[in-house]
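K.L.:
My questions all concern the structure below.
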Amino acid sequence: MTTIRDIAKRAGVSITTASYVLNNTGNISEATRQRVLQAAEELNYHPNAFARHLKKAKTRTIGVFITRFGGAFYEEILEGIHDVILNTEYELIVSPETRSPRRLLHYRQVDGAIVFDSKIPDTSILKLASRRFPIVVLDRLLQNDFILPLLLDNAQGVREAFLHLYQQGARRIAFVAGAPDSIDNTERMETFLAEAKQHNVVVPVYQGNFTEGSGYEAAQHIFQSGELPQAVFCANDQMAIGFLRAMREHGLQAPADIAVVGFDDIPIARYMTPSLSTVGASRFEWGATATRQLLDFLENNTPFQPRRIPTRFIARQSSQKQ
């Protein structure tokens with residue numbers, strides 16, 4: 001790769017002079033400037049704009065590192081982020097789960113970051129975060145003055161969901177868990193089990209991974225156990241959808257045979273047959289809040305203010321017994 005040293009050697013000037021010309025600084029004669037620019041053109045030199053920004057000023061860019069683009073869940077978060085960015089002078093780089101986010105983070109090619117990618121290790125985030133490089137993380141809990149863990153209020157919605165099932169007479173209740181490394185999954189499961197314990201209800205846990213297929217497989221394990229639960233809480237809607245699909249294949253109906261509740265309130269939940277009871281939160285507000293706090297830190301050095309995005313239980317046909 002061509003460097004400023006190569007340019008300086010070809011133009012017959014010092015590295016400092018070459019740097020002045022390429023960065024349009026310093027008091028350099030026109031003849032020398034043209035000689036350096038010609039050398040740069042001959043060597044096909046393209047300066048690293050990010051590196052220049054890091055040396056001279058901010059990049060005025062926010063990086064969003066997210067597991068994937070697809071699906072309404074992530075789209076709504078991105079819409080909230082984008083809505084805030086539109087009213088600023090900042091640009092946005094959105095990168096899905098690849099190696100490039102790590103390069104952008106490690107070389108600080110953005111002023112700050114919003115991270116919703118579980119493949120980026122906690123250790124990397126803790127090492128990178130600083131006053132000059134603040135980071136907002138979604139779905140993980142990290143302690144650092146320059147990291148904001150912005151989480152859903154999982155407990156509120158889950159407690160409402162449990163009480164809904166309990167008040168409808170359900171005493172045999174199963175829980176289908178999501179990915180073990182998700183703080184959202186952990187909080188949902190711990191809250192549900194704690195609420196069940198207070199009501200003297202024993203809840204078996206079946207492991208899933210937040211996919212429709214894992215909800216389907218969990219249902220098959222439950223059906224094979226011999227005793228059907230009266231209700232099932234799935235840690236997200238995708239697993240609940242898979243669970244309902246398995247029920248239909250076995251000739252079972254919700255809520256008559258098993259009441260089913262999910263979490264996330266993805267758009268399809270309200271249009272299914274039966275419509276899916278779920279716990280909802282504004283993912284748009286989740287993304288917008290993350291962006292507002294990050295920009296306030298960058299522009300005004302305002303300390304992060306930890307908060308939770310509210311959740312609420314939404315009763316629909318899949319758990320609403322007549």
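Every chain in the structure tokens has a letter given in the order shown (A, B, ...), and although residue numbers restart at 1 in each chain, ligands are simply numbered from 1 in the order shown.
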Would you write out, as a tab-separated table, a table of all residues in stretch 99-183 of chain A that have an atom no more than 10 Å from an atom of stretch 244-264 of chain A, listing for each the closest atom pair and the distance in Å to one decimal, considering only C-alpha atoms and ordering rows by chain and rising residue number?

P.N.:
residue	atom	partner	partner_atom	distance
A:Asn154	CA	A:Phe263	CA	9.3
A:Gly157	CA	A:Phe263	CA	8.6
A:Val158	CA	A:Phe263	CA	8.4
A:Ala161	CA	A:Val261	CA	7.5
A:Phe162	CA	A:Val261	CA	9.3
A:His164	CA	A:Val261	CA	9.9
A:Leu165	CA	A:Ala259	CA	7.8
A:Gln168	CA	A:Ala259	CA	9.6
A:Ala170	CA	A:Ala259	CA	8.5
A:Arg172	CA	A:Ile258	CA	9.9
A:Ile173	CA	A:Ala259	CA	9.1
A:Ala174	CA	A:Val260	CA	9.8
A:Phe175	CA	A:Val261	CA	9.8
A:Val176	CA	A:Gly262	CA	9.4

K.L.:
Where does DSSP see strand (DSSP E) in stretch 153-216 of chain A, if you list the residues as a list of chain:residue names?

P.N.:
A:Ile173, A:Ala174, A:Phe175, A:Val176, A:Ala177, A:Val205, A:Tyr206, A:Gln207

K.L.:
Could you take the residues named above and write them with C-alpha atoms, as a PDB file, in the first residue's frame?

P.N.:
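This is the output file selection15.pdb:
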ATOM      1  CA  ILE A 173     -47.443 -23.642  32.942  1.00  0.00           C
ATOM      2  CA  ALA A 174     -44.280 -24.202  30.865  1.00  0.00           C
ATOM      3  CA  PHE A 175     -41.600 -21.687  29.863  1.00  0.00           C
ATOM      4  CA  VAL A 176     -39.742 -21.822  26.536  1.00  0.00           C
ATOM      5  CA  ALA A 177     -36.433 -19.971  26.931  1.00  0.00           C
ATOM      6  CA  VAL A 205     -38.172 -24.742  31.358  1.00  0.00           C
ATOM      7  CA  TYR A 206     -37.557 -25.874  27.777  1.00  0.00           C
ATOM      8  CA  GLN A 207     -34.530 -24.443  25.975  1.00  0.00           C
TER       9      GLN A 207
END

K.L.:
So, counting only C-alpha atoms, which residue among A:Ala196, A:Ile85, A:Leu295, A:Ile241 is closest to A:Asp265?

P.N.:
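Between A:Ala196, A:Ile85, A:Leu295, A:Ile241, the residue approaching A:Asp265 most closely is A:Ile241.
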
K.L.:
Rounded to one decimal place, report the atom CA of A:Ile28-atom CA of A:Thr2 distance in Å.

P.N.:
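Computing the Euclidean distance for atom CA of A:Ile28 and atom CA of A:Thr2 yields 22.1 Å.
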
K.L.:
Out of stretch 254-314 of chain A, which residues get helix (DSSP H, G or I) from DSSP, as a list in words?

P.N.:
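Filtering stretch 254-314 of chain A to helix (DSSP H, G or I) leaves Pro267, Ile268, Ala269, Arg270, Arg283, Phe284, Glu285, Trp286, Gly287, Ala288, Thr289, Ala290, Thr291, Arg292, Gln293, Leu294, Leu295, Asp296, Phe297, Leu298, Glu299 and Asn300 of chain A.
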
K.L.:
Ranking A:Ser19, A:Gln317, A:Gln198, A:Lys9 by minimum distance to A:Tyr271 and counting only C-alpha atoms, which one comes first?

P.N.:
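Distance minimum relative to A:Tyr271 lands on A:Gln317.
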
K.L.:
Separation of atom CA of A:Asn209 and atom CA of A:Lys197, in Å?

P.N.:
24.2 Å

K.L.:
Contacts of stretch 115-123 of chain A at 8 Å or less, counting only C-alpha atoms, minus same-chain residues fewer than 4 places along, as a ChimeraX atom specification?

P.N.:
/A:64-67,96-97,102,127,135-139,142,181-182

K.L.:
Could you write out that same residue set with C-alpha atoms as a compact mmCIF listing (two decimals), in the first residue's frame?

P.N.:
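Resulting contents of selection.txt:
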# COMPACT_ATOMS: atom_id res chain seq x y z
CA VAL A 64 -24.67 0.71 14.45
CA PHE A 65 -23.60 -2.90 14.82
CA ILE A 66 -26.61 -5.17 14.67
CA THR A 67 -27.12 -8.90 14.34
CA PRO A 96 -24.72 -6.50 10.26
CA GLU A 97 -22.99 -9.43 11.93
CA ARG A 102 -14.84 -5.25 14.68
CA LYS A 127 -11.72 -2.17 26.27
CA ILE A 135 -20.95 3.04 23.33
CA VAL A 136 -24.63 2.18 23.84
CA VAL A 137 -25.35 -1.53 24.16
CA LEU A 138 -28.73 -3.23 23.73
CA ASP A 139 -29.49 -6.63 25.25
CA LEU A 142 -22.06 -3.77 31.26
CA ASP A 181 -26.40 -15.52 26.32
CA SER A 182 -29.22 -12.95 26.04
